[in-house]
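Below is the file work.txt, which contains compact mmCIF, C-alpha atoms and all ligand atoms.
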```txt
# COMPACT_ATOMS: atom_id res chain seq x y z
CA MET A 184 81.53 147.47 48.31
CA SER A 185 78.01 147.03 49.50
CA ASP A 186 76.81 143.53 50.33
CA PHE A 187 73.32 144.18 49.00
CA VAL A 188 72.40 142.07 46.03
CA ASN A 189 69.97 144.50 44.45
CA GLY A 190 68.90 148.14 44.61
CA PHE A 191 65.74 147.58 46.67
CA TRP A 192 67.23 146.36 49.96
CA PRO A 193 69.40 149.43 50.76
CA TRP A 194 66.31 151.64 50.56
CA TYR A 195 64.23 149.17 52.53
CA VAL A 196 66.80 148.98 55.34
CA ALA A 197 67.34 152.77 55.33
CA ALA A 198 63.57 153.37 55.49
CA ILE A 199 63.21 151.05 58.48
CA SER A 200 66.09 152.77 60.30
CA ILE A 201 64.68 156.27 59.74
CA ALA A 202 61.12 155.20 60.55
CA SER A 203 62.23 153.63 63.85
CA ILE A 204 64.10 156.76 64.88
CA LEU A 205 61.14 158.97 64.02
CA ALA A 206 58.82 156.60 65.89
CA CYS A 207 61.05 156.84 68.97
CA GLY A 208 60.92 160.63 68.74
CA LEU A 209 57.13 160.57 68.47
CA LEU A 210 56.85 158.22 71.42
CA LEU A 211 59.04 160.53 73.49
CA TYR A 212 56.97 163.54 72.51
CA LEU A 213 53.76 161.83 73.59
CA ALA A 214 55.25 160.42 76.76
CA GLY A 215 56.76 163.79 77.63
CA LYS A 216 53.41 165.57 77.75
CA ALA A 217 52.19 166.67 81.14
CA SER A 218 50.26 163.52 81.93
CA VAL A 219 49.92 160.12 80.32
CA VAL A 220 46.17 159.86 80.36
CA SER A 221 43.62 162.39 81.23
CA HIS A 222 41.11 161.19 83.77
CA ALA A 223 39.67 164.55 84.55
CA GLY A 224 37.48 164.31 87.57
CA LYS A 225 38.06 160.60 88.06
CA ALA A 226 41.39 160.72 89.90
CA PRO A 227 41.88 163.93 91.81
CA ASP A 228 44.85 162.37 93.65
CA ASN A 229 47.00 162.53 90.41
CA THR A 230 46.96 158.77 89.78
CA THR A 231 46.06 157.08 86.51
CA GLY A 232 43.13 155.41 88.19
CA HIS A 233 44.70 151.96 87.86
CA VAL A 234 44.60 149.97 91.07
CA TRP A 235 46.34 146.65 91.83
CA ASP A 236 46.22 144.49 94.91
CA GLU A 237 43.52 146.72 96.35
CA ASN A 238 45.75 149.66 97.16
CA LEU A 239 48.68 149.91 94.66
CA ARG A 240 48.16 152.95 92.40
CA GLU A 241 50.11 154.38 89.45
CA LEU A 242 51.06 158.05 89.65
CA ASN A 243 50.16 160.03 86.56
CA ASN A 244 53.50 161.90 86.10
CA PRO A 245 55.47 162.72 82.93
CA LEU A 246 58.99 161.26 82.43
CA PRO A 247 61.66 163.03 84.51
CA ARG A 248 63.27 165.77 82.40
CA TRP A 249 66.86 164.46 82.68
CA TRP A 250 65.66 161.04 81.57
CA LEU A 251 63.81 162.56 78.64
CA TRP A 252 66.92 164.49 77.59
CA LEU A 253 69.00 161.31 77.60
CA PHE A 254 66.57 159.85 75.09
CA ILE A 255 66.66 162.98 72.94
CA LEU A 256 70.48 162.91 72.98
CA THR A 257 70.38 159.28 71.87
CA ILE A 258 68.21 160.20 68.92
CA VAL A 259 70.45 163.12 67.96
CA PHE A 260 73.49 160.86 68.31
CA SER A 261 71.94 158.22 66.04
CA LEU A 262 71.18 160.81 63.36
CA ILE A 263 74.75 162.19 63.45
CA TYR A 264 76.10 158.64 63.43
CA LEU A 265 74.09 157.77 60.32
CA VAL A 266 75.45 160.83 58.52
CA VAL A 267 79.08 160.17 59.46
CA PHE A 268 79.32 156.36 59.38
CA PRO A 269 77.92 153.73 57.00
CA GLY A 270 74.59 152.59 58.37
CA LEU A 271 71.87 153.84 56.04
CA GLY A 272 71.51 151.24 53.32
CA SER A 273 74.42 151.57 50.95
CA PHE A 274 75.22 155.20 51.93
CA LYS A 275 78.91 155.13 52.89
CA GLY A 276 78.78 157.98 55.42
CA VAL A 277 80.68 161.26 55.04
CA SER A 278 83.74 159.89 56.91
CA ARG A 279 84.09 157.04 54.35
CA TRP A 280 85.11 154.78 57.25
CA SER A 281 84.84 151.01 56.67
CA THR A 282 86.05 147.92 58.51
CA GLU A 283 87.66 146.77 55.28
CA LEU A 284 89.64 149.99 54.94
CA GLU A 285 90.66 149.85 58.59
CA HIS A 286 91.82 146.25 58.14
CA GLN A 287 93.79 147.19 55.03
CA GLN A 288 95.47 150.03 56.89
CA ASP A 289 96.38 147.69 59.75
CA VAL A 290 97.79 145.13 57.33
CA THR A 291 99.81 147.75 55.45
CA GLN A 292 101.15 149.13 58.73
CA LEU A 293 102.11 145.69 60.05
CA ARG A 294 103.69 144.72 56.72
CA ALA A 295 105.79 147.89 56.86
CA GLN A 296 106.82 146.95 60.42
CA VAL A 297 108.02 143.47 59.51
CA ALA A 298 109.42 144.44 56.10
CA PRO A 299 113.00 145.05 57.35
CA LEU A 300 112.93 141.72 59.19
CA TYR A 301 111.73 139.84 56.11
CA ALA A 302 114.26 141.65 53.92
CA ALA A 303 117.00 140.42 56.26
CA PHE A 304 115.61 136.87 56.08
CA ALA A 305 115.40 137.04 52.29
CA ALA A 306 119.07 137.96 52.10
CA GLN A 307 120.03 134.59 53.60
CA PRO A 308 119.62 131.20 51.96
CA VAL A 309 116.81 129.03 53.35
CA GLU A 310 119.36 126.52 54.67
CA SER A 311 120.94 129.06 57.01
CA LEU A 312 117.58 130.44 58.19
CA VAL A 313 117.04 126.99 59.68
CA ASN A 314 119.47 128.07 62.41
CA ASP A 315 117.81 131.44 63.04
CA PRO A 316 115.24 131.18 65.87
CA ARG A 317 113.48 134.40 64.80
CA ALA A 318 113.00 133.13 61.26
CA LEU A 319 111.72 129.80 62.58
CA ALA A 320 109.27 131.60 64.89
CA ALA A 321 107.92 133.62 61.96
CA GLY A 322 107.87 130.49 59.79
CA GLU A 323 105.96 128.56 62.42
CA ARG A 324 103.23 131.22 62.50
CA LEU A 325 102.97 131.16 58.71
CA PHE A 326 102.80 127.37 58.81
CA MET A 327 100.06 127.34 61.46
CA ASN A 328 97.96 129.80 59.47
CA ASN A 329 98.47 128.41 56.00
CA CYS A 330 99.63 124.80 56.06
CA SER A 331 98.55 123.13 59.30
CA GLN A 332 94.96 122.55 58.17
CA CYS A 333 96.32 120.02 55.65
CA HIS A 334 99.72 118.97 56.98
CA GLY A 335 98.81 119.00 60.69
CA SER A 336 100.02 121.48 63.30
CA ASP A 337 103.11 119.31 63.88
CA GLY A 338 103.67 118.88 60.12
CA ALA A 339 103.21 115.13 60.42
CA GLY A 340 100.41 115.08 57.87
CA SER A 341 97.65 112.51 57.60
CA LYS A 342 96.25 110.19 54.97
CA GLY A 343 96.73 111.87 51.58
CA PHE A 344 98.62 114.82 53.12
CA PRO A 345 102.38 114.24 53.23
CA ASN A 346 104.30 114.05 56.46
CA LEU A 347 106.83 116.90 56.28
CA THR A 348 108.82 115.72 59.30
CA ASN A 349 110.08 112.59 57.58
CA VAL A 350 113.49 111.60 56.30
CA ASN A 351 114.20 112.27 52.64
CA SER A 352 113.29 108.83 51.24
CA ALA A 353 109.66 109.25 52.33
CA TRP A 354 109.27 112.53 50.46
CA LEU A 355 107.50 112.67 47.10
CA GLY A 356 110.17 115.11 45.92
CA GLU A 357 113.61 115.92 47.27
CA ARG A 358 113.68 117.08 50.88
CA SER A 359 115.35 120.35 49.88
CA ALA A 360 114.80 124.09 50.16
CA ALA A 361 114.32 124.36 46.40
CA HIS A 362 111.65 121.64 46.30
CA ILE A 363 109.76 123.14 49.26
CA VAL A 364 109.85 126.68 47.83
CA GLN A 365 108.75 125.41 44.42
CA THR A 366 105.93 123.26 45.90
CA VAL A 367 104.59 126.01 48.12
CA THR A 368 104.77 128.64 45.37
CA ASN A 369 103.22 126.62 42.54
CA GLY A 370 101.45 123.79 44.36
CA ARG A 371 101.83 120.27 43.05
CA THR A 372 99.74 117.44 41.65
CA GLY A 373 100.65 113.82 42.29
CA MET A 374 99.19 111.81 39.46
CA MET A 375 99.10 108.05 39.13
CA PRO A 376 96.83 106.78 36.37
CA PRO A 377 94.55 103.78 37.05
CA MET A 378 96.78 100.74 36.33
CA GLY A 379 94.32 97.87 36.75
CA ALA A 380 94.07 97.11 33.04
CA ALA A 381 97.86 97.05 32.64
CA VAL A 382 98.27 94.59 35.50
CA GLY A 383 95.47 92.15 34.75
CA ASN A 384 92.61 90.60 36.71
CA ASP A 385 91.85 90.93 40.43
CA ALA A 386 94.16 88.03 41.32
CA ASP A 387 97.03 89.73 39.43
CA ILE A 388 96.35 93.01 41.21
CA SER A 389 96.27 91.27 44.59
CA ALA A 390 99.56 89.58 43.67
CA VAL A 391 101.28 92.85 42.74
CA ALA A 392 99.95 94.44 45.95
CA ASN A 393 101.55 91.64 47.99
CA TYR A 394 104.77 92.12 46.06
CA VAL A 395 104.67 95.85 46.95
CA LEU A 396 104.14 94.94 50.62
CA SER A 397 107.13 92.60 50.48
CA LEU A 398 109.35 95.51 49.35
CA SER A 399 109.07 97.13 52.77
CA GLY A 400 109.12 93.87 54.69
CA SER A 401 105.45 94.41 55.62
CA PRO A 402 103.31 91.35 56.39
CA HIS A 403 102.36 89.75 53.06
CA ASP A 404 101.52 86.48 51.30
CA ALA A 405 104.87 85.21 49.98
CA GLY A 406 103.28 83.06 47.25
CA LYS A 407 101.25 85.94 45.87
CA ALA A 408 104.24 88.28 46.16
CA SER A 409 106.47 86.11 44.00
CA ALA A 410 103.67 85.81 41.43
CA GLY A 411 103.30 89.61 41.50
CA LYS A 412 106.97 90.37 40.89
CA THR A 413 106.67 90.18 37.09
CA LYS A 414 103.48 92.27 37.15
CA PHE A 415 105.45 95.04 38.85
CA ALA A 416 106.98 95.78 35.44
CA ALA A 417 103.88 97.91 34.83
CA CYS A 418 104.83 100.05 37.83
CA ALA A 419 108.57 100.23 37.32
CA ALA A 420 108.43 103.10 34.83
CA CYS A 421 107.41 105.43 37.65
CA HIS A 422 108.25 103.67 40.91
CA GLY A 423 111.57 102.24 39.66
CA ALA A 424 112.47 98.61 39.08
CA ASP A 425 113.36 98.27 42.76
CA GLY A 426 110.22 100.19 43.85
CA LYS A 427 112.34 102.92 45.42
CA GLY A 428 110.37 105.62 43.64
CA ASN A 429 111.28 108.49 41.36
CA LYS A 430 111.34 111.91 42.92
CA ALA A 431 111.35 113.71 39.58
CA LEU A 432 107.98 112.09 38.79
CA GLY A 433 106.73 112.41 42.37
CA ALA A 434 106.28 108.61 42.47
CA PRO A 435 106.77 107.52 46.08
CA ASP A 436 109.26 105.02 47.41
CA LEU A 437 107.19 101.86 47.96
CA SER A 438 109.90 100.16 50.01
CA ASP A 439 110.16 102.59 52.92
CA ASN A 440 107.11 101.57 54.95
CA TYR A 441 105.72 105.10 54.83
CA TRP A 442 102.27 105.07 53.26
CA LEU A 443 100.78 108.36 52.19
CA HIS A 444 97.52 106.75 51.14
CA GLY A 445 97.24 104.08 53.80
CA TRP A 446 98.93 100.79 54.52
CA GLY A 447 97.83 97.33 53.48
CA GLU A 448 96.72 95.27 50.52
CA ALA A 449 93.33 97.02 50.19
CA ALA A 450 94.93 100.47 50.00
CA ILE A 451 97.42 99.32 47.33
CA VAL A 452 94.74 97.53 45.29
CA ASN A 453 92.70 100.74 45.46
CA ALA A 454 95.68 102.81 44.23
CA VAL A 455 96.26 100.40 41.33
CA LYS A 456 92.62 100.19 40.28
CA ASN A 457 91.61 103.83 40.68
CA GLY A 458 94.91 105.64 40.39
CA LYS A 459 95.71 108.64 42.55
CA ASN A 460 95.21 112.30 41.93
CA ASN A 461 96.51 114.30 44.83
CA VAL A 462 96.61 118.08 44.67
CA MET A 463 98.24 120.73 46.79
CA PRO A 464 96.98 124.20 45.79
CA ALA A 465 99.57 126.88 44.97
CA GLN A 466 100.11 129.22 47.91
CA SER A 467 101.59 132.10 45.91
CA PRO A 468 98.27 133.97 45.73
CA LYS A 469 98.25 134.07 49.56
CA LEU A 470 101.93 134.28 50.49
CA SER A 471 104.67 136.59 49.25
CA ALA A 472 107.95 135.15 47.97
CA GLN A 473 109.61 136.36 51.21
CA GLN A 474 107.02 134.60 53.34
CA ILE A 475 107.47 131.38 51.35
CA HIS A 476 111.23 131.69 51.86
CA VAL A 477 110.69 131.82 55.63
CA VAL A 478 108.06 129.08 55.86
CA ALA A 479 110.35 126.83 53.78
CA ALA A 480 113.04 127.21 56.44
CA TYR A 481 110.54 126.20 59.09
CA VAL A 482 109.46 123.13 57.09
CA LEU A 483 113.09 122.15 56.56
CA SER A 484 113.69 122.48 60.30
CA LEU A 485 110.86 120.02 61.00
CA SER A 486 112.63 117.17 59.24
CA LYS A 487 116.07 116.50 60.57
CA THR A 488 117.66 113.73 58.52
CA SER A 489 118.13 111.80 61.76
CA VAL A 490 114.37 111.57 62.39
CA ALA A 491 113.25 107.97 62.69
CA MET A 492 111.09 106.48 59.96
CA ALA A 493 107.38 106.95 60.50
CA ALA A 494 105.45 103.91 61.62
CA PRO A 495 103.25 102.41 58.92
CA LYS A 496 100.05 104.35 58.58
CA THR A 497 97.02 102.13 58.80
CA PRO A 498 94.19 103.00 56.44
C1 LIG B 501 94.71 122.19 50.89
C2 LIG B 501 95.69 121.36 51.52
C3 LIG B 501 97.12 121.82 51.57
C4 LIG B 501 97.64 123.02 52.02
C5 LIG B 501 96.88 124.23 52.54
C6 LIG B 501 99.05 122.91 51.94
N1 LIG B 501 99.40 121.70 51.43
FE1 LIG B 501 101.28 121.06 51.09
N2 LIG B 501 100.54 119.39 50.21
C7 LIG B 501 99.21 119.03 50.15
C8 LIG B 501 99.08 117.79 49.42
C9 LIG B 501 97.78 117.04 49.15
C10 LIG B 501 100.38 117.43 49.02
C11 LIG B 501 100.78 116.20 48.20
C12 LIG B 501 100.59 116.49 46.74
C13 LIG B 501 101.06 115.31 45.93
O1 LIG B 501 100.62 114.20 46.21
O2 LIG B 501 101.87 115.55 45.04
C14 LIG B 501 101.28 118.45 49.53
C15 LIG B 501 102.65 118.44 49.36
C16 LIG B 501 103.53 119.32 49.99
C17 LIG B 501 104.96 119.23 49.94
C18 LIG B 501 105.77 118.18 49.20
C19 LIG B 501 105.97 117.01 50.12
C20 LIG B 501 106.80 115.91 49.52
O3 LIG B 501 106.71 114.80 50.07
O4 LIG B 501 107.51 116.14 48.55
C21 LIG B 501 105.47 120.26 50.70
C22 LIG B 501 106.91 120.58 50.96
C23 LIG B 501 104.33 120.99 51.20
N3 LIG B 501 103.17 120.39 50.76
C24 LIG B 501 104.42 122.11 52.01
C25 LIG B 501 103.34 122.92 52.32
C26 LIG B 501 103.45 124.18 53.00
C27 LIG B 501 104.74 124.77 53.55
C28 LIG B 501 102.20 124.69 53.07
C29 LIG B 501 101.79 126.03 53.63
C30 LIG B 501 102.42 127.20 53.11
C31 LIG B 501 101.30 123.74 52.45
N4 LIG B 501 102.03 122.68 52.00
C32 LIG B 501 99.92 123.92 52.34
C33 LIG B 501 98.16 119.73 50.68
C34 LIG B 501 98.25 121.01 51.18
C1 LIG B 502 102.63 107.05 35.62
C2 LIG B 502 103.38 106.85 36.82
C3 LIG B 502 102.92 105.72 37.76
C4 LIG B 502 102.71 104.41 37.49
C5 LIG B 502 102.83 103.71 36.16
C6 LIG B 502 102.35 103.79 38.75
N1 LIG B 502 102.35 104.73 39.75
FE1 LIG B 502 101.89 104.37 41.69
N2 LIG B 502 102.04 106.35 42.05
C7 LIG B 502 102.47 107.29 41.15
C8 LIG B 502 102.44 108.59 41.79
C9 LIG B 502 102.84 109.92 41.15
C10 LIG B 502 101.98 108.37 43.11
C11 LIG B 502 101.80 109.43 44.18
C12 LIG B 502 100.44 110.02 44.16
C13 LIG B 502 100.40 111.17 45.16
O1 LIG B 502 101.13 112.14 44.97
O2 LIG B 502 99.65 111.06 46.12
C14 LIG B 502 101.75 106.95 43.24
C15 LIG B 502 101.31 106.35 44.42
C16 LIG B 502 101.23 104.99 44.59
C17 LIG B 502 100.90 104.32 45.82
C18 LIG B 502 100.58 105.00 47.13
C19 LIG B 502 101.85 105.07 47.94
C20 LIG B 502 101.64 105.55 49.35
O3 LIG B 502 102.64 106.02 49.93
O4 LIG B 502 100.53 105.47 49.87
C21 LIG B 502 100.94 102.99 45.59
C22 LIG B 502 100.70 101.90 46.61
C23 LIG B 502 101.29 102.81 44.23
N3 LIG B 502 101.46 104.06 43.63
C24 LIG B 502 101.45 101.60 43.63
C25 LIG B 502 101.63 101.44 42.27
C26 LIG B 502 101.61 100.16 41.63
C27 LIG B 502 101.47 98.84 42.33
C28 LIG B 502 101.78 100.39 40.31
C29 LIG B 502 101.79 99.39 39.18
C30 LIG B 502 100.65 98.58 39.06
C31 LIG B 502 101.90 101.81 40.13
N4 LIG B 502 101.80 102.42 41.34
C32 LIG B 502 102.08 102.45 38.91
C33 LIG B 502 102.82 107.11 39.84
C34 LIG B 502 102.70 105.91 39.18
```

Do you think you could lay out the structure here as structure tokens?
Ligand code: HEC
Ligand code: HEC
Amino acid sequence: MSDFVNGFWPWYVAAISIASILACGLLLYLAGKASVVSHAGKAPDNTTGHVWDENLRELNNPLPRWWLWLFILTIVFSLIYLVVFPGLGSFKGVSRWSTELEHQQDVTQLRAQVAPLYAAFAAQPVESLVNDPRALAAGERLFMNNCSQCHGSDGAGSKGFPNLTNVNSAWLGERSAAHIVQTVTNGRTGMMPPMGAAVGNDADISAVANYVLSLSGSPHDAGKASAGKTKFAACAACHGADGKGNKALGAPDLSDNYWLHGWGEAAIVNAVKNGKNNVMPAQSPKLSAQQIHVVAAYVLSLSKTSVAMAAPKTP
């Protein structure tokens, strides 16, 4: 497809190209004539008559023939090039060559090369690919190209982007092959509605925030926390009565000291007042099912259940 936005520009560009080539030809023709300027009578010594520094003179000779022919060959080459390759406005050239086509051919060729490898990977469950170094190497490359911009090149995430190297309790969903494949294929949306009105005034919200902090043994105001305990009823439907979360709803464990959206009273008050709407886009338009299968094994390999709990993330 041509990148030109309307029908005028291809002609404009083509006209400039042709005009420049013709102008070069004309220049060569003029420069190739026997002498550059005719100073009949004035300079019998075959100079142009120009003198610098008292005695430097310019010889009045035509271009050397071999030099001239190089220029002519360049012009002929450019004309042939413009017929064969795309270069004249939106004319595609008789060879129909394009970078896009070349790229597609490369991709098709490489896909065919790795197809047997991926077919072998697909035949095994994700859980056993975790022990296959070749699958992990392929998965790592997929992860670097498609996931690291959000989840970090080490998978440890950042504020708003989940840490994929954590133990299960810190995950929004189950730390399982099925959950990873499903999330990567279809994306996911974490949705917490604004809960301020359900909790009460600012003091109530501050109290419930301190209660939430107390669940993980984080520094908190004990008085406020005990006042906030009853207010937590508004949260229990999703986060559970004990605050340990609900993976089916994607409501995080609030007692594990892992904070996706930042640690501290201010971050919790913000979550309660404004809610949270956190989206991971579906990757299925970009990745094939086989690729997702392999990247899922890599993600699973990042989080060994023995990994220590992440330190609290400060906002
Ligand atoms: C545009 C940013 C973005 C990209 C790209 C992205 N993710 Fe995510 N991912 C997110 C966000 C944001 C969430 C959390 C969504 C939520 O809160 O429910 C998430 C959640 C997840 C989860 C669930 C984590 C949990 O705790 O349950 C997994 C697994 C995951 N991503 C894997 C991947 C993999 C693998 C890739 C690459 C193929 C990828 N993501 C690409 C932003 C991204
Ligand atoms: C309708 C279900 C629902 C209710 C009710 C709810 N939450 Fe949430 N909450 C969620 C979900 C889902 C998330 C995760 C958002 C995401 O994926 O990023 C969340 C995230 C949070 C977070 C961020 C956790 C982190 O790791 O950073 C805090 C804090 C929080 N909720 C506190 C509360 C409090 C306090 C209440 C009660 C006032 C409450 N929530 C009520 C669903 C709910």

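Reported to one decimal place, the separation of atom CA of A:Leu470 from atom C31 of ligand LIG 501 (chain B) is 10.7 Å.
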
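In this structure, atom C33 of ligand LIG 502 (chain B) sits 28.6 Å away from atom CA of A:His476.
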
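The interatomic distance for the pair atom C28 of ligand LIG 502 (chain B) and atom CA of A:Ala434 works out to 9.6 Å.
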
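Taking only C-alpha atoms into account, A:Asn393 lies nearest to A:Ala450 out of the set A:Ala321, A:Ala431, A:Met374, A:Ala450.
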
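Taking only C-alpha atoms and all ligand atoms into account, ligand LIG 501 (chain B) lies nearest to A:Phe344 out of the set A:Tyr394, A:Trp280, A:Tyr441, A:Phe344.
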
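Distance annotation: of A:Ala472, A:Leu396, A:Cys421, A:Ala479, the residue with the minimal separation from A:Glu448 is A:Leu396; atom set is all atoms listed in the file.
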
Step by step: locate stretch 216-301 of chain A in the block above, keep C-alpha atoms, then write the file as a PDB file, in the first residue's frame.
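File decode.pdb, as written:
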```
ATOM      1  CA  LYS A 216      31.325  20.220 -24.397  1.00  0.00           C
ATOM      2  CA  ALA A 217      34.818  21.020 -25.555  1.00  0.00           C
ATOM      3  CA  SER A 218      35.355  23.971 -23.259  1.00  0.00           C
ATOM      4  CA  VAL A 219      33.457  25.491 -20.375  1.00  0.00           C
ATOM      5  CA  VAL A 220      33.527  29.083 -21.490  1.00  0.00           C
ATOM      6  CA  SER A 221      34.657  30.560 -24.683  1.00  0.00           C
ATOM      7  CA  HIS A 222      37.118  33.376 -24.248  1.00  0.00           C
ATOM      8  CA  ALA A 223      38.213  33.526 -27.821  1.00  0.00           C
ATOM      9  CA  GLY A 224      41.230  35.702 -28.128  1.00  0.00           C
ATOM     10  CA  LYS A 225      41.374  36.512 -24.429  1.00  0.00           C
ATOM     11  CA  ALA A 226      43.174  33.406 -23.175  1.00  0.00           C
ATOM     12  CA  PRO A 227      45.350  31.818 -25.813  1.00  0.00           C
ATOM     13  CA  ASP A 228      47.004  29.653 -23.123  1.00  0.00           C
ATOM     14  CA  ASN A 229      43.764  27.528 -22.780  1.00  0.00           C
ATOM     15  CA  THR A 230      42.804  28.910 -19.363  1.00  0.00           C
ATOM     16  CA  THR A 231      39.406  30.299 -18.405  1.00  0.00           C
ATOM     17  CA  GLY A 232      40.976  33.667 -17.767  1.00  0.00           C
ATOM     18  CA  HIS A 233      40.319  33.444 -14.023  1.00  0.00           C
ATOM     19  CA  VAL A 234      43.346  34.320 -11.929  1.00  0.00           C
ATOM     20  CA  TRP A 235      43.780  33.914  -8.157  1.00  0.00           C
ATOM     21  CA  ASP A 236      46.661  34.861  -5.926  1.00  0.00           C
ATOM     22  CA  GLU A 237      48.334  36.597  -8.846  1.00  0.00           C
ATOM     23  CA  ASN A 238      49.361  33.470 -10.700  1.00  0.00           C
ATOM     24  CA  LEU A 239      46.851  30.604 -10.087  1.00  0.00           C
ATOM     25  CA  ARG A 240      44.884  29.950 -13.291  1.00  0.00           C
ATOM     26  CA  GLU A 241      42.040  27.560 -14.174  1.00  0.00           C
ATOM     27  CA  LEU A 242      42.548  25.351 -17.223  1.00  0.00           C
ATOM     28  CA  ASN A 243      39.660  25.420 -19.655  1.00  0.00           C
ATOM     29  CA  ASN A 244      39.322  21.615 -20.220  1.00  0.00           C
ATOM     30  CA  PRO A 245      36.211  19.429 -20.550  1.00  0.00           C
ATOM     31  CA  LEU A 246      35.527  16.666 -17.967  1.00  0.00           C
ATOM     32  CA  PRO A 247      37.717  13.574 -18.459  1.00  0.00           C
ATOM     33  CA  ARG A 248      35.837  11.043 -20.602  1.00  0.00           C
ATOM     34  CA  TRP A 249      35.950   8.173 -18.064  1.00  0.00           C
ATOM     35  CA  TRP A 250      34.556  10.504 -15.422  1.00  0.00           C
ATOM     36  CA  LEU A 251      31.795  11.626 -17.759  1.00  0.00           C
ATOM     37  CA  TRP A 252      30.882   8.010 -18.517  1.00  0.00           C
ATOM     38  CA  LEU A 253      30.579   7.222 -14.811  1.00  0.00           C
ATOM     39  CA  PHE A 254      27.985   9.968 -14.556  1.00  0.00           C
ATOM     40  CA  ILE A 255      26.122   8.716 -17.611  1.00  0.00           C
ATOM     41  CA  LEU A 256      26.093   5.184 -16.167  1.00  0.00           C
ATOM     42  CA  THR A 257      24.671   6.563 -12.926  1.00  0.00           C
ATOM     43  CA  ILE A 258      21.845   8.203 -14.822  1.00  0.00           C
ATOM     44  CA  VAL A 259      21.118   5.040 -16.807  1.00  0.00           C
ATOM     45  CA  PHE A 260      21.217   3.033 -13.579  1.00  0.00           C
ATOM     46  CA  SER A 261      18.753   5.385 -11.890  1.00  0.00           C
ATOM     47  CA  LEU A 262      16.316   5.105 -14.801  1.00  0.00           C
ATOM     48  CA  ILE A 263      16.482   1.287 -14.784  1.00  0.00           C
ATOM     49  CA  TYR A 264      16.125   1.311 -11.001  1.00  0.00           C
ATOM     50  CA  LEU A 265      12.986   3.433 -11.195  1.00  0.00           C
ATOM     51  CA  VAL A 266      11.441   1.029 -13.701  1.00  0.00           C
ATOM     52  CA  VAL A 267      12.265  -2.095 -11.697  1.00  0.00           C
ATOM     53  CA  PHE A 268      11.846  -0.946  -8.075  1.00  0.00           C
ATOM     54  CA  PRO A 269       9.265   1.262  -6.351  1.00  0.00           C
ATOM     55  CA  GLY A 270      10.570   4.812  -6.379  1.00  0.00           C
ATOM     56  CA  LEU A 271       8.404   6.846  -8.722  1.00  0.00           C
ATOM     57  CA  GLY A 272       5.472   8.071  -6.686  1.00  0.00           C
ATOM     58  CA  SER A 273       3.094   5.193  -6.144  1.00  0.00           C
ATOM     59  CA  PHE A 274       4.381   3.158  -9.136  1.00  0.00           C
ATOM     60  CA  LYS A 275       5.278  -0.238  -7.658  1.00  0.00           C
ATOM     61  CA  GLY A 276       8.056  -1.103 -10.121  1.00  0.00           C
ATOM     62  CA  VAL A 277       7.933  -4.072 -12.516  1.00  0.00           C
ATOM     63  CA  SER A 278       9.631  -6.392  -9.968  1.00  0.00           C
ATOM     64  CA  ARG A 279       6.830  -5.732  -7.419  1.00  0.00           C
ATOM     65  CA  TRP A 280       9.498  -5.813  -4.702  1.00  0.00           C
ATOM     66  CA  SER A 281       8.599  -4.208  -1.356  1.00  0.00           C
ATOM     67  CA  THR A 282      10.135  -4.182   2.113  1.00  0.00           C
ATOM     68  CA  GLU A 283       6.791  -5.330   3.477  1.00  0.00           C
ATOM     69  CA  LEU A 284       6.715  -8.342   1.181  1.00  0.00           C
ATOM     70  CA  GLU A 285      10.317  -9.178   2.000  1.00  0.00           C
ATOM     71  CA  HIS A 286       9.540  -8.969   5.717  1.00  0.00           C
ATOM     72  CA  GLN A 287       6.497 -11.198   5.292  1.00  0.00           C
ATOM     73  CA  GLN A 288       8.577 -13.756   3.419  1.00  0.00           C
ATOM     74  CA  ASP A 289      11.203 -13.706   6.180  1.00  0.00           C
ATOM     75  CA  VAL A 290       8.545 -14.137   8.846  1.00  0.00           C
ATOM     76  CA  THR A 291       6.873 -17.002   6.977  1.00  0.00           C
ATOM     77  CA  GLN A 292      10.242 -18.688   6.479  1.00  0.00           C
ATOM     78  CA  LEU A 293      11.248 -18.323  10.129  1.00  0.00           C
ATOM     79  CA  ARG A 294       7.823 -19.498  11.311  1.00  0.00           C
ATOM     80  CA  ALA A 295       8.212 -22.600   9.141  1.00  0.00           C
ATOM     81  CA  GLN A 296      11.652 -23.154  10.691  1.00  0.00           C
ATOM     82  CA  VAL A 297      10.423 -23.027  14.284  1.00  0.00           C
ATOM     83  CA  ALA A 298       7.091 -24.757  13.590  1.00  0.00           C
ATOM     84  CA  PRO A 299       8.341 -28.287  14.432  1.00  0.00           C
ATOM     85  CA  LEU A 300       9.883 -26.980  17.658  1.00  0.00           C
ATOM     86  CA  TYR A 301       6.665 -25.241  18.701  1.00  0.00           C
TER      87      TYR A 301
END
```
